[in-house]
Amino acid sequence: MDIRIGFGNPGEVEALIADLDRVAARVPDAEEQIKLALARMIKERAVANLEGAAPDWPVLSFATERKKGQKKPLSDTGDLRRSIEVWTEGDSAMVGVRPGRGRADGKDADKVASYVEFGVTVRATSAARAFFAGRGVDISEKADIVVVPPRPFLGPAADEVEADADAVVGEFLDDLFGSLGPLEPA
């Protein structure tokens, strides 16, 4: 049995090899680009979650709503929204609030993000009362604890992007390898 691979002219072989070399040079960078693209999508959706108040978030208490003059939680300053970043660490693309990043009010933005994402229960100390009073929320002197319910914004964003990841990766690979054009048998 004899197998032959033929090309219309030798220039096609050289062109194909040049295309393959060009694509091969882009492949090492492809994984990082895919990770960063997915991380940017997570950031966009997390910001949208913060801007729109996810429907499954607990509603504001009547007193808080009255003080804020609106029903949307987490919309006072936009500090949290603006502190969400995309960066790389080693082989990973990261999305979230970098540890130690400060906010305008001097609080560590990563801690605030954690409190929002997972909720927090704190003792109703004078410092806690002052913190909440500075945000227009009075804590009763009778209260022993303050419960801030979780309002997840990053986790749901990552879940949404995970559902779309195959399509994103597929589009990226189509762009990467599509430059070769259709490979047709001779």
# chains A, B, ... in the order shown; residues from 1 in each chain; ligands from 1
call {"tool": "closest_atom_pairs", "arguments": {"of": "stretch 79-167 of chain A", "to": "stretch 36-44 of chain A", "cutoff": "7 Å", "atoms": "only C-alpha atoms", "output": "JSON lines"}}
result
{"residue": "A:Ile84", "atom": "CA", "partner": "A:Lys43", "partner_atom": "CA", "distance": 6.8}
{"residue": "A:Val86", "atom": "CA", "partner": "A:Ala39", "partner_atom": "CA", "distance": 6.3}
{"residue": "A:Ala93", "atom": "CA", "partner": "A:Leu36", "partner_atom": "CA", "distance": 5.6}
{"residue": "A:Met94", "atom": "CA", "partner": "A:Ala39", "partner_atom": "CA", "distance": 6.5}
{"residue": "A:Val95", "atom": "CA", "partner": "A:Ala39", "partner_atom": "CA", "distance": 5.7}
{"residue": "A:Ala157", "atom": "CA", "partner": "A:Ile42", "partner_atom": "CA", "distance": 5.3}
{"residue": "A:Ala158", "atom": "CA", "partner": "A:Ile42", "partner_atom": "CA", "distance": 5.4}
{"residue": "A:Val161", "atom": "CA", "partner": "A:Ile42", "partner_atom": "CA", "distance": 6.1}
call {"tool": "atom_distance", "arguments": {"atom1": "atom CA of A:Ile34", "atom2": "atom CA of A:Arg82"}}
result
23.2 Å
call {"tool": "closest_residue", "arguments": {"among": "A:Phe153, A:Asp174, A:Val137, A:Glu162", "to": "A:Gly52", "atoms": "only C-alpha atoms"}}
result
A:Phe153
call {"tool": "select_by_dssp", "arguments": {"residues": "stretch 25-170 of chain A", "states": "helix (DSSP H, G or I)", "output": "PyMOL selection string"}}
result
chain A and resi 25-52+62-68+79-83+109-118+126-133+154-170
call {"tool": "atom_distance", "arguments": {"atom1": "atom CA of A:Leu80", "atom2": "atom CA of A:Gly134"}}
result
16.6 Å
call {"tool": "atom_distance", "arguments": {"atom1": "atom CA of A:Ala127", "atom2": "atom CA of A:Val97"}}
result
24.4 Å
